[in-house]
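Enquirer: Got a file for you: final-v6.cif, mmCIF, C-alpha atoms.
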```cif
data_data
loop_
_atom_site.label_atom_id
_atom_site.label_comp_id
_atom_site.auth_asym_id
_atom_site.auth_seq_id
_atom_site.Cartn_x
_atom_site.Cartn_y
_atom_site.Cartn_z
CA MET W 1 1.36 1.79 -20.40
CA THR W 2 3.74 -0.37 -18.35
CA THR W 3 5.63 -2.94 -20.45
CA SER W 4 8.85 -3.42 -18.46
CA PRO W 5 9.69 -7.11 -17.86
CA TYR W 6 11.03 -6.11 -14.43
CA THR W 7 7.62 -4.92 -13.23
CA SER W 8 5.62 -7.45 -11.21
CA GLN W 9 3.00 -5.01 -9.92
CA SER W 10 1.68 -1.71 -11.24
CA ALA W 11 -1.38 0.50 -10.94
CA PHE W 12 -0.22 2.48 -13.95
CA ASP W 13 -0.55 0.14 -16.93
CA GLY W 14 -3.85 1.65 -18.05
CA SER W 15 -5.79 -1.61 -17.86
CA ARG W 16 -9.27 -2.19 -16.47
CA MET W 17 -9.52 -3.64 -12.99
CA ARG W 18 -11.93 -6.06 -11.36
CA VAL W 19 -12.48 -5.80 -7.60
CA LEU W 20 -14.07 -8.63 -5.60
CA LEU W 21 -15.44 -7.98 -2.13
CA LEU W 22 -16.04 -11.30 -0.36
CA VAL W 23 -18.65 -10.96 2.38
CA ASP W 24 -19.65 -13.41 5.12
CA LEU W 25 -22.76 -12.15 6.96
CA HIS W 26 -23.82 -12.54 10.55
CA GLU W 27 -26.94 -14.64 10.96
CA GLY W 28 -30.10 -12.60 10.41
CA ALA W 29 -28.26 -9.61 8.91
CA GLN W 30 -29.32 -10.03 5.27
CA GLN W 31 -31.80 -7.14 5.12
CA GLN W 32 -29.41 -4.80 6.92
CA PHE W 33 -26.71 -5.81 4.43
CA LEU W 34 -28.99 -5.24 1.42
CA ASP W 35 -29.98 -1.80 2.70
CA ALA W 36 -26.31 -0.90 3.22
CA TYR W 37 -25.43 -2.14 -0.27
CA GLU W 38 -28.12 0.02 -1.89
CA GLN W 39 -26.72 3.11 -0.18
CA MET W 40 -23.16 2.17 -1.12
CA ARG W 41 -24.09 1.41 -4.75
CA ASP W 42 -25.69 4.81 -5.25
CA ARG W 43 -22.58 6.62 -3.95
CA VAL W 44 -20.06 4.48 -5.85
CA ALA W 45 -21.96 4.93 -9.13
CA SER W 46 -20.90 8.60 -9.24
CA VAL W 47 -17.19 7.94 -8.65
CA PRO W 48 -15.06 8.69 -11.74
CA GLY W 49 -13.68 5.53 -13.33
CA HIS W 50 -16.37 3.23 -11.91
CA LEU W 51 -17.91 1.15 -14.72
CA GLY W 52 -20.44 -0.97 -12.83
CA ASP W 53 -20.94 -3.58 -10.15
CA GLN W 54 -22.83 -6.77 -9.32
CA LEU W 55 -24.15 -8.23 -6.09
CA CYS W 56 -24.03 -12.05 -6.00
CA GLN W 57 -25.27 -14.52 -3.39
CA SER W 58 -23.76 -17.97 -2.91
CA VAL W 59 -25.99 -20.80 -4.12
CA GLU W 60 -24.51 -23.10 -1.44
CA ASN W 61 -24.37 -20.80 1.58
CA PRO W 62 -26.89 -17.91 1.70
CA SER W 63 -24.77 -15.99 4.22
CA GLN W 64 -21.91 -15.63 1.73
CA TRP W 65 -22.00 -12.85 -0.86
CA VAL W 66 -19.69 -11.33 -3.45
CA ILE W 67 -19.75 -7.73 -4.62
CA THR W 68 -17.88 -7.30 -7.89
CA SER W 69 -17.03 -3.94 -9.42
CA GLU W 70 -15.20 -2.96 -12.57
CA TRP W 71 -13.02 0.12 -12.96
CA ALA W 72 -11.60 1.82 -16.05
CA THR W 73 -8.12 1.85 -14.49
CA ALA W 74 -6.59 1.31 -11.07
CA PRO W 75 -5.78 4.93 -10.04
CA PRO W 76 -9.39 6.17 -9.69
CA TYR W 77 -10.28 3.08 -7.67
CA LEU W 78 -7.28 3.56 -5.36
CA ALA W 79 -8.13 7.24 -4.91
CA TRP W 80 -11.67 6.25 -3.94
CA VAL W 81 -10.84 3.32 -1.66
CA ASN W 82 -8.29 5.38 0.29
CA SER W 83 -10.62 8.33 0.82
CA GLU W 84 -12.59 9.35 3.89
CA GLU W 85 -15.72 9.21 1.74
CA HIS W 86 -15.15 5.51 1.11
CA LEU W 87 -14.63 4.86 4.81
CA GLU W 88 -17.98 6.47 5.58
CA THR W 89 -19.67 4.67 2.67
CA VAL W 90 -18.71 1.16 3.81
CA ARG W 91 -19.19 1.82 7.52
CA PRO W 92 -22.82 0.52 7.52
CA LEU W 93 -21.51 -2.83 6.22
CA GLN W 94 -19.25 -3.37 9.22
CA ASN W 95 -22.06 -4.12 11.68
CA CYS W 96 -23.60 -6.90 9.61
CA VAL W 97 -20.56 -8.81 8.34
CA ARG W 98 -18.56 -11.51 10.05
CA GLU W 99 -15.69 -11.20 7.59
CA LEU W 100 -14.89 -8.87 4.70
CA ARG W 101 -12.09 -9.42 2.20
CA SER W 102 -11.15 -7.37 -0.84
CA MET W 103 -9.34 -8.81 -3.87
CA ARG W 104 -8.13 -6.81 -6.88
CA TYR W 105 -7.32 -8.09 -10.37
CA GLY W 106 -6.15 -6.61 -13.65
CA ILE W 107 -8.20 -7.90 -16.59
CA VAL W 108 -5.96 -9.88 -18.95
CA ARG W 109 -8.38 -11.72 -21.29
CA GLU W 110 -12.13 -11.65 -21.82
CA THR W 111 -14.89 -12.99 -24.04
CA GLY W 112 -18.20 -11.44 -24.96
CA GLY W 113 -18.55 -11.30 -28.71
CA ASP W 114 -19.13 -7.90 -30.22
CA ARG W 115 -20.32 -6.23 -27.01
CA PRO W 116 -18.56 -2.83 -26.76
CA ARG W 117 -15.87 -2.67 -24.08
CA THR W 118 -14.49 0.29 -22.18
CA GLY W 119 -10.78 0.53 -21.39
CA ALA W 120 -7.73 -1.57 -22.15
CA LEU W 121 -6.69 -5.05 -21.08
CA GLN W 122 -3.57 -5.68 -19.04
CA SER W 123 -0.85 -5.73 -21.68
CA ALA W 124 1.27 -8.56 -20.28
CA VAL W 125 1.03 -11.35 -17.76
CA ARG W 126 3.21 -10.42 -14.80
CA VAL W 127 5.69 -12.74 -13.17
CA GLY W 128 6.04 -12.15 -9.44
CA ASP W 129 8.24 -13.52 -6.69
CA GLY W 130 5.44 -14.89 -4.50
CA VAL W 131 5.80 -12.01 -2.02
CA ILE W 132 3.02 -9.59 -1.09
CA ARG W 133 4.10 -6.16 0.12
CA HIS W 134 2.06 -3.90 2.36
CA ALA W 135 2.67 -0.74 4.39
CA LEU W 136 1.08 1.21 7.23
CA THR W 137 1.77 4.82 8.09
CA PHE W 138 0.74 7.03 11.00
CA THR W 139 2.02 10.03 12.90
CA VAL W 140 3.00 10.45 16.54
CA LYS W 141 2.88 13.54 18.70
CA PRO W 142 5.78 15.93 18.07
CA GLY W 143 8.40 15.52 20.77
CA SER W 144 7.66 11.80 21.25
CA GLU W 145 9.71 10.58 18.29
CA SER W 146 12.69 9.22 20.24
CA LYS W 147 10.45 7.38 22.72
CA VAL W 148 8.38 5.83 19.92
CA ALA W 149 11.53 4.78 18.07
CA GLU W 150 12.80 3.12 21.24
CA ILE W 151 9.53 1.18 21.67
CA LEU W 152 9.35 0.12 18.03
CA ALA W 153 12.98 -1.01 17.95
CA GLY W 154 12.81 -3.06 21.14
CA TYR W 155 9.93 -5.51 20.73
CA ALA W 156 10.39 -9.23 20.16
CA PRO W 157 9.47 -10.36 16.63
CA PRO W 158 6.26 -12.40 16.15
CA GLU W 159 6.28 -16.01 15.03
CA ALA W 160 7.01 -15.97 11.27
CA ARG W 161 5.00 -19.05 10.35
CA VAL W 162 1.27 -18.34 10.04
CA ASP W 163 0.06 -21.64 8.58
CA ASP W 164 1.09 -24.22 5.99
CA THR W 165 0.93 -21.69 3.15
CA THR W 166 1.60 -18.30 4.75
CA ARG W 167 4.62 -16.84 6.52
CA LEU W 168 6.05 -13.46 7.38
CA ARG W 169 9.26 -12.80 5.49
CA ARG W 170 10.34 -9.34 6.58
CA THR W 171 9.19 -6.34 8.62
CA THR W 172 10.94 -2.99 8.35
CA LEU W 173 10.12 0.19 10.26
CA PHE W 174 11.22 3.70 9.36
CA MET W 175 10.56 7.18 10.71
CA HIS W 176 10.67 10.61 9.09
CA GLY W 177 10.12 13.29 11.70
CA ASN W 178 6.96 12.23 13.51
CA ARG W 179 5.76 9.92 10.68
CA VAL W 180 6.13 6.16 11.11
CA VAL W 181 6.11 3.75 8.15
CA ARG W 182 5.95 -0.01 8.72
CA THR W 183 6.44 -2.26 5.69
CA VAL W 184 5.82 -6.00 5.68
CA GLU W 185 6.58 -8.76 3.19
CA VAL W 186 4.41 -11.88 3.25
CA GLU W 187 4.41 -15.19 1.43
CA GLY W 188 0.85 -16.47 1.03
CA ASP W 189 -2.27 -14.76 2.36
CA LEU W 190 -1.71 -11.15 3.43
CA MET W 191 -4.91 -10.90 5.49
CA ALA W 192 -4.14 -14.14 7.32
CA ALA W 193 -0.67 -12.80 8.10
CA LEU W 194 -2.01 -9.47 9.38
CA ARG W 195 -4.55 -11.22 11.60
CA HIS W 196 -1.80 -13.51 12.89
CA VAL W 197 0.43 -10.55 13.74
CA SER W 198 -2.37 -8.68 15.50
CA ARG W 199 -2.91 -11.62 17.85
CA GLN W 200 0.72 -11.98 18.91
CA PRO W 201 1.26 -10.82 22.52
CA GLU W 202 4.56 -9.13 21.61
CA VAL W 203 2.86 -7.04 18.93
CA ARG W 204 -0.18 -6.23 21.06
CA ALA W 205 2.12 -5.02 23.83
CA VAL W 206 4.06 -2.69 21.57
CA GLU W 207 0.85 -1.35 19.99
CA GLU W 208 -0.51 -0.54 23.45
CA ALA W 209 2.80 1.04 24.42
CA ILE W 210 2.71 3.56 21.55
CA ASN W 211 -1.00 4.40 21.98
CA PRO W 212 -0.37 7.45 24.24
CA TYR W 213 1.92 8.99 21.61
CA LEU W 214 -0.34 8.66 18.55
CA GLU W 215 -1.80 11.80 16.98
CA GLN W 216 -4.89 9.83 15.93
CA ASP W 217 -6.59 8.31 18.97
CA ARG W 218 -7.52 4.63 18.86
CA ASP W 219 -8.83 1.97 21.19
CA LEU W 220 -7.60 -1.47 20.19
CA THR W 221 -10.13 -3.12 22.49
CA ASP W 222 -12.91 -1.59 20.35
CA PRO W 223 -13.09 -3.41 16.98
CA GLU W 224 -14.59 -0.40 15.20
CA SER W 225 -11.89 1.97 16.50
CA ALA W 226 -9.09 -0.45 15.62
CA ARG W 227 -10.55 -1.13 12.16
CA THR W 228 -10.88 2.58 11.38
CA PHE W 229 -7.32 3.29 12.47
CA PHE W 230 -5.78 0.55 10.34
CA ILE W 231 -7.91 1.40 7.31
CA ARG W 232 -6.68 4.99 7.49
CA ALA W 233 -3.10 3.84 8.08
CA ALA W 234 -3.00 1.41 5.16
CA MET W 235 -0.71 2.53 2.34
CA PRO W 236 -1.01 0.15 -0.62
CA PRO W 237 1.83 -0.65 -2.99
CA VAL W 238 1.16 0.83 -6.43
CA HIS W 239 4.31 -0.30 -8.24
CA HIS W 240 7.07 -2.86 -7.75
CA VAL W 241 10.12 -3.59 -9.87
CA ALA W 242 12.90 -6.09 -9.28
CA ARG W 243 15.98 -6.71 -11.37
CA GLY W 244 15.93 -10.42 -10.57
CA GLY W 245 18.79 -12.83 -10.22
CA PRO W 246 20.91 -13.44 -7.11
CA GLU W 247 20.81 -10.70 -4.51
CA PRO W 248 24.20 -8.95 -4.17
CA SER W 249 25.83 -9.31 -0.76
CA ASP W 250 26.05 -5.56 -0.17
CA ILE W 251 22.33 -4.82 -0.64
CA ARG W 252 20.99 -2.29 1.87
CA ARG W 253 17.36 -1.30 2.45
CA HIS W 254 16.32 2.35 2.51
CA ALA W 255 13.04 4.27 2.47
CA LEU W 256 12.45 7.71 0.99
CA TYR W 257 9.54 9.97 1.91
CA TYR W 258 8.07 12.07 -0.91
CA PRO W 259 5.22 14.31 0.31
CA ALA W 260 3.32 15.44 -2.77
CA LYS W 261 1.70 18.77 -3.43
CA GLU W 262 -2.01 18.69 -2.76
CA GLY W 263 -3.75 16.43 -5.26
CA CYS W 264 -0.48 15.26 -6.85
CA GLY W 265 0.13 12.03 -4.91
CA MET W 266 -0.86 9.64 -7.68
CA ALA W 267 1.05 11.61 -10.31
CA LEU W 268 4.16 11.60 -8.12
CA ALA W 269 3.86 7.84 -7.56
CA ARG W 270 3.49 7.35 -11.32
CA TYR W 271 6.60 9.46 -11.95
CA LEU W 272 8.67 7.38 -9.50
CA ALA W 273 7.34 4.15 -11.02
CA ARG W 274 8.60 5.19 -14.46
CA GLN W 275 12.02 6.10 -13.07
CA ASP W 276 12.25 2.75 -11.26
CA GLU W 277 11.52 0.89 -14.49
CA ALA W 278 14.31 2.81 -16.18
CA ALA W 279 16.68 2.07 -13.30
CA ALA W 280 15.87 -1.65 -13.38
CA ALA W 281 16.76 -1.77 -17.07
CA ALA W 282 20.11 0.00 -16.56
CA PRO W 283 22.89 -2.52 -15.81
CA ALA W 284 24.92 0.03 -13.83
CA SER W 285 22.03 1.14 -11.60
CA PRO W 286 22.53 0.43 -7.87
CA VAL W 287 18.77 -0.12 -7.35
CA HIS W 288 18.05 -3.87 -7.10
CA ARG W 289 14.36 -3.64 -6.06
CA SER W 290 11.94 -0.82 -5.49
CA THR W 291 8.36 -0.59 -4.22
CA VAL W 292 6.30 2.61 -4.37
CA PHE W 293 3.58 2.98 -1.73
CA GLN W 294 1.02 5.75 -2.02
CA ARG W 295 -1.99 7.03 -0.11
CA GLU W 296 -3.48 10.38 -1.05
CA ASP W 297 -0.53 12.83 -1.01
CA ILE W 298 1.85 10.58 0.93
CA VAL W 299 4.32 8.64 -1.23
CA VAL W 300 7.01 6.34 0.17
CA ARG W 301 9.58 4.49 -1.91
CA LEU W 302 11.21 1.39 -0.42
CA ILE W 303 14.45 0.58 -2.23
CA ASP W 304 17.02 -2.17 -1.91
CA VAL W 305 20.25 -0.57 -3.09
CA GLN W 306 23.64 -2.03 -3.80
CA GLY W 307 26.08 0.03 -1.77
CA ASP W 308 25.42 3.50 -0.38
CA PRO W 309 22.76 5.67 -2.09
CA GLU W 310 24.90 8.71 -1.28
CA THR W 311 27.31 7.57 -4.00
CA ASP W 312 24.57 7.91 -6.63
CA PRO W 313 21.83 10.13 -5.15
CA VAL W 314 20.45 10.99 -8.58
CA THR W 315 19.51 7.36 -9.31
CA ALA W 316 18.47 6.66 -5.72
CA LEU W 317 15.98 9.53 -5.82
CA GLY W 318 14.70 8.85 -9.32
CA ILE W 319 16.13 11.98 -10.93
CA HIS W 320 17.60 11.41 -14.39
CA GLY W 321 18.48 14.70 -16.02
CA PRO W 322 17.27 18.31 -15.57
CA ARG W 323 13.91 17.71 -17.25
CA LYS W 324 13.02 14.82 -14.91
CA ALA W 325 14.27 16.84 -11.94
CA ALA W 326 11.96 19.68 -12.93
CA VAL W 327 8.99 17.28 -13.07
CA LEU W 328 9.82 15.97 -9.60
CA ALA W 329 10.12 19.52 -8.25
CA ARG W 330 6.66 20.40 -9.60
CA LEU W 331 5.05 17.38 -7.93
CA LEU W 332 6.90 17.44 -4.61
CA ASP W 333 5.85 19.48 -1.60
CA GLY W 334 9.36 20.72 -0.95
CA ALA W 335 8.28 22.96 1.91
CA THR W 336 7.24 19.91 3.96
CA LEU W 337 10.69 18.41 3.45
CA GLY W 338 12.43 21.71 4.07
CA VAL W 339 13.67 21.78 0.47
CA THR W 340 12.70 24.64 -1.81
CA GLY W 341 13.78 25.82 -5.21
CA ARG W 342 14.73 23.94 -8.35
CA LEU W 343 16.31 20.49 -8.51
CA ILE W 344 18.90 20.65 -11.25
CA GLY W 345 22.14 19.01 -10.21
CA GLU W 346 23.89 16.46 -8.04
CA ARG W 347 24.25 18.95 -5.18
CA ASP W 348 20.47 19.38 -5.16
CA ALA W 349 20.07 15.60 -5.22
CA HIS W 350 22.32 15.21 -2.17
CA ARG W 351 20.30 17.89 -0.40
CA LEU W 352 16.98 16.25 -1.26
CA LEU W 353 18.27 12.79 -0.32
CA ALA W 354 19.27 14.10 3.10
CA HIS W 355 15.77 15.48 3.65
CA ALA W 356 13.75 12.65 2.08
CA GLY W 357 15.68 9.76 3.61
CA MET W 358 13.85 8.00 6.44
CA SER W 359 15.57 6.74 9.60
CA LEU W 360 15.70 2.96 9.86
CA ILE W 361 14.26 1.82 13.21
CA THR W 362 14.29 -1.95 12.77
CA ASP W 363 14.62 -4.48 9.95
CA ARG W 364 13.66 -8.05 10.84
CA ARG W 365 13.92 -11.01 8.47
CA ALA W 366 12.46 -14.43 9.04
CA ALA W 367 14.93 -17.32 8.93
CA GLN W 368 15.76 -18.50 5.40
CA SER W 369 14.25 -15.44 3.73
#
```
Take the structure from the file and write it as structure tokens.
Expert:
Amino acid sequence: MTTSPYTSQSAFDGSRMRVLLLVDLHEGAQQQFLDAYEQMRDRVASVPGHLGDQLCQSVENPSQWVITSEWATAPPYLAWVNSEEHLETVRPLQNCVRELRSMRYGIVRETGGDRPRTGALQSAVRVGDGVIRHALTFTVKPGSESKVAEILAGYAPPEARVDDTTRLRRTTLFMHGNRVVRTVEVEGDLMAALRHVSRQPEVRAVEEAINPYLEQDRDLTDPESARTFFIRAAMPPVHHVARGGPEPSDIRRHALYYPAKEGCGMALARYLARQDEAAAAAPASPVHRSTVFQREDIVVRLIDVQGDPETDPVTALGIHGPRKAAVLARLLDGATLGVTGRLIGERDAHRLLAHAGMSLITDRRAAQS
């Protein structure tokens, strides 16, 4: 269970989770919504880790509903919500809702007398930095990588200010082969920021420009096509650590791509989370901040490192000793990276760092961030 004081976000603390789905219906769509919910409820009930759900209607506005669900821990929920089965399950809801918003909470305290409870509570109240992190990933057609990099590096940044409470802080794009990863940092409301970005003409132009090169077809003029693409591209953060204090002047941002063996994505993300907690607690570690993003068997680690990670590849990769290296080797799909064999020493770490490191395409900060 996660107890590190440096951890502000984690899916691996073993605590129960409450998910709220806020729904605003189109006029006249209540029966369609109820039918869709019944189908969805029956399918979700069989998902491992799902403890139950409730459907609630607003007493002030009948078109507003809340679906609450409780999960034994975060990992089974994340595995479900990022699956193709989930996408198909919630698809009937899309036609009857005006707006849909998901909110996720770890359960810290509860009342209820002697009623038996399943699962643990969140062990500690987390202290964050007011920044929400999010990532998208997609692939482009082999051979188009240099053209896509040129497009993604050349666009004008969108307006950082969204409203009085929300602003974009930073957007960073990386590539690894034909895979693109875009990370964003937001103060305030993430969904408001993403909607704001999607409406900016500069962003719409660059999205249209890369359309011909995408491996997964999409039509941004079709709301259903656009929604499906971005749902599949979303890569949620599952762990974040930060050492705190003033940021050193020589901090550099890097991203590392860790393709997991089939079915090992969550275990690999958990492994990296534990190593990041250890690094944050080590005064000599060059890692100042680290965020682990994971979707199915794709794991990306965004790290802010003091100096050059090549000077300490073992720490930069999250390899501390032969035993930990062996664990990483068992979880990692080395063939995808072009790295095979055991990971036992610094030479292996340099080799893996060279293969896992992603190419920085652009890193844009808002003023005063």
Enquirer: Run the PyMOL selection byres ((chain W and resi 128) around 12) against the file shown and list the residues it catches, as a short mmCIF file (atom, residue, chain, number, x, y, z; two decimals) with C-alpha atoms, in the coordinates of the input.
Expert:
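Wrote part.cif, looks like this:
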```
data_model
loop_
_atom_site.label_atom_id
_atom_site.label_comp_id
_atom_site.auth_asym_id
_atom_site.auth_seq_id
_atom_site.Cartn_x
_atom_site.Cartn_y
_atom_site.Cartn_z
CA PRO W 5 9.69 -7.11 -17.86
CA TYR W 6 11.03 -6.11 -14.43
CA THR W 7 7.62 -4.92 -13.23
CA SER W 8 5.62 -7.45 -11.21
CA GLN W 9 3.00 -5.01 -9.92
CA SER W 10 1.68 -1.71 -11.24
CA VAL W 125 1.03 -11.35 -17.76
CA ARG W 126 3.21 -10.42 -14.80
CA VAL W 127 5.69 -12.74 -13.17
CA ASP W 129 8.24 -13.52 -6.69
CA GLY W 130 5.44 -14.89 -4.50
CA VAL W 131 5.80 -12.01 -2.02
CA ILE W 132 3.02 -9.59 -1.09
CA ARG W 133 4.10 -6.16 0.12
CA GLU W 187 4.41 -15.19 1.43
CA HIS W 240 7.07 -2.86 -7.75
CA VAL W 241 10.12 -3.59 -9.87
CA ALA W 242 12.90 -6.09 -9.28
CA ARG W 243 15.98 -6.71 -11.37
CA GLY W 244 15.93 -10.42 -10.57
#
```
Enquirer: Could you tell me, as a ChimeraX atom specification, exactly which residues end up selected when the PyMOL selection byres ((chain W and resi 182) around 10) is applied to this structure?
Expert: /W:134-138,152,171-175,180-181,183-184,233-235,361-363
Enquirer: From the options W:Glu145, W:Glu84, W:Glu185, W:Asp276, which residue's atoms come nearest to W:Ala160, counting only C-alpha atoms?
Expert: W:Glu185
Enquirer: If we count all atoms listed in the file and set the cut-off at 12 Å, which residues sit around W:Leu337, ignoring sequence neighbours fewer than 5 positions away in its own chain? Please answer as a PDB file with C-alpha atoms, in the coordinates of the input.
Expert:
```pdb
ATOM      1  CA  HIS W 176      10.670  10.610   9.090  1.00  0.00           C
ATOM      2  CA  GLY W 177      10.120  13.290  11.700  1.00  0.00           C
ATOM      3  CA  LEU W 256      12.450   7.710   0.990  1.00  0.00           C
ATOM      4  CA  TYR W 257       9.540   9.970   1.910  1.00  0.00           C
ATOM      5  CA  TYR W 258       8.070  12.070  -0.910  1.00  0.00           C
ATOM      6  CA  PRO W 259       5.220  14.310   0.310  1.00  0.00           C
ATOM      7  CA  ALA W 260       3.320  15.440  -2.770  1.00  0.00           C
ATOM      8  CA  LYS W 261       1.700  18.770  -3.430  1.00  0.00           C
ATOM      9  CA  ALA W 329      10.120  19.520  -8.250  1.00  0.00           C
ATOM     10  CA  LEU W 332       6.900  17.440  -4.610  1.00  0.00           C
ATOM     11  CA  ARG W 351      20.300  17.890  -0.400  1.00  0.00           C
ATOM     12  CA  LEU W 352      16.980  16.250  -1.260  1.00  0.00           C
ATOM     13  CA  LEU W 353      18.270  12.790  -0.320  1.00  0.00           C
ATOM     14  CA  ALA W 354      19.270  14.100   3.100  1.00  0.00           C
ATOM     15  CA  HIS W 355      15.770  15.480   3.650  1.00  0.00           C
ATOM     16  CA  ALA W 356      13.750  12.650   2.080  1.00  0.00           C
ATOM     17  CA  GLY W 357      15.680   9.760   3.610  1.00  0.00           C
ATOM     18  CA  MET W 358      13.850   8.000   6.440  1.00  0.00           C
TER      19      MET W 358
END
```
Enquirer: Between atom CA of W:Glu60 and atom CA of W:Val19, what is the distance, to one decimal in Å?
Expert: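 These atoms are spaced 22.0 Å apart.
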Enquirer: List as a Markdown table every residue of stretch 225-268 of chain W that is in contact with stretch 201-212 of chain W, defined as an atom at most 12 Å from one of its atoms (using all atoms listed in the file), together with the nearest atom pair and the distance in Å rounded to one decimal, sorted by chain and then rising number.
Expert:
```
| residue | atom | partner | partner_atom | distance |
| --- | --- | --- | --- | --- |
| W:Ala226 | CA | W:Glu207 | CA | 10.9 |
| W:Phe229 | CA | W:Asn211 | CA | 11.5 |
| W:Phe230 | CA | W:Glu207 | CA | 11.9 |
```
Enquirer: I'd like to know which of W:Gly14, W:Gly265, W:Gly52, W:Gly28 is closest to W:Gly119, using only C-alpha atoms.
Expert: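 Once distances to W:Gly119 are computed over only C-alpha atoms, the minimum belongs to W:Gly14.
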Enquirer: Between W:Leu34, W:Leu55, W:Ala74, W:Met266, which is the closest to W:Gln122 once you count all atoms listed in the file?
Expert: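 Among the listed residues, the smallest separation from W:Gln122 belongs to W:Ala74.
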Enquirer: Taking (-1.3, 7.7, -5.5) in the coordinates of the supplied file, I want to know which residues reach to within 8 Å of it, counting all atoms listed in the file; could you give the answer as a list in words?
Expert: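 Returned residue set, sorted by chain then number, is Pro75, Leu78, Ala79, Val238, Cys264, Gly265, Met266, Ala267, Leu268, Ala269, Arg270, Phe293, Gln294, Arg295, Glu296, Asp297, Ile298 and Val299 of chain W.
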Enquirer: Atom CA of W:Val292 and atom CA of W:Pro248, how far apart in Å?
Expert: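 Computing the Euclidean distance for atom CA of W:Pro248 and atom CA of W:Val292 yields 21.3 Å.
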Enquirer: Could you add whatever atoms are missing so that stretch 246-257 of chain W carries N, CA and C atoms, then write the result as an mmCIF file, in the coordinates of the input?
Expert:
```cif
data_model
loop_
_atom_site.group_PDB
_atom_site.id
_atom_site.type_symbol
_atom_site.label_atom_id
_atom_site.label_comp_id
_atom_site.auth_asym_id
_atom_site.auth_seq_id
_atom_site.Cartn_x
_atom_site.Cartn_y
_atom_site.Cartn_z
ATOM 1 N N PRO W 246 20.416 -13.364 -8.488
ATOM 2 C CA PRO W 246 20.910 -13.440 -7.110
ATOM 3 C C PRO W 246 21.026 -12.053 -6.491
ATOM 4 N N GLU W 247 20.712 -11.970 -5.211
ATOM 5 C CA GLU W 247 20.810 -10.700 -4.510
ATOM 6 C C GLU W 247 22.264 -10.420 -4.141
ATOM 7 N N PRO W 248 22.819 -9.275 -4.537
ATOM 8 C CA PRO W 248 24.200 -8.950 -4.170
ATOM 9 C C PRO W 248 24.381 -8.907 -2.652
ATOM 10 N N SER W 249 25.567 -9.218 -2.203
ATOM 11 C CA SER W 249 25.830 -9.310 -0.760
ATOM 12 C C SER W 249 25.787 -7.965 -0.061
ATOM 13 N N ASP W 250 25.986 -6.881 -0.813
ATOM 14 C CA ASP W 250 26.050 -5.560 -0.170
ATOM 15 C C ASP W 250 24.744 -4.777 -0.332
ATOM 16 N N ILE W 251 23.630 -5.485 -0.530
ATOM 17 C CA ILE W 251 22.330 -4.820 -0.640
ATOM 18 C C ILE W 251 21.957 -4.211 0.713
ATOM 19 N N ARG W 252 21.474 -2.965 0.676
ATOM 20 C CA ARG W 252 20.990 -2.290 1.870
ATOM 21 C C ARG W 252 19.600 -1.728 1.592
ATOM 22 N N ARG W 253 18.738 -1.767 2.600
ATOM 23 C CA ARG W 253 17.360 -1.300 2.450
ATOM 24 C C ARG W 253 17.236 0.133 2.956
ATOM 25 N N HIS W 254 16.562 0.958 2.161
ATOM 26 C CA HIS W 254 16.320 2.350 2.510
ATOM 27 C C HIS W 254 14.869 2.701 2.186
ATOM 28 N N ALA W 255 14.370 3.741 2.802
ATOM 29 C CA ALA W 255 13.040 4.270 2.470
ATOM 30 C C ALA W 255 13.164 5.773 2.280
ATOM 31 N N LEU W 256 12.460 6.285 1.301
ATOM 32 C CA LEU W 256 12.450 7.710 0.990
ATOM 33 C C LEU W 256 11.021 8.218 1.061
ATOM 34 N N TYR W 257 10.850 9.360 1.687
ATOM 35 C CA TYR W 257 9.540 9.970 1.910
ATOM 36 C C TYR W 257 9.383 11.120 0.931
#
```
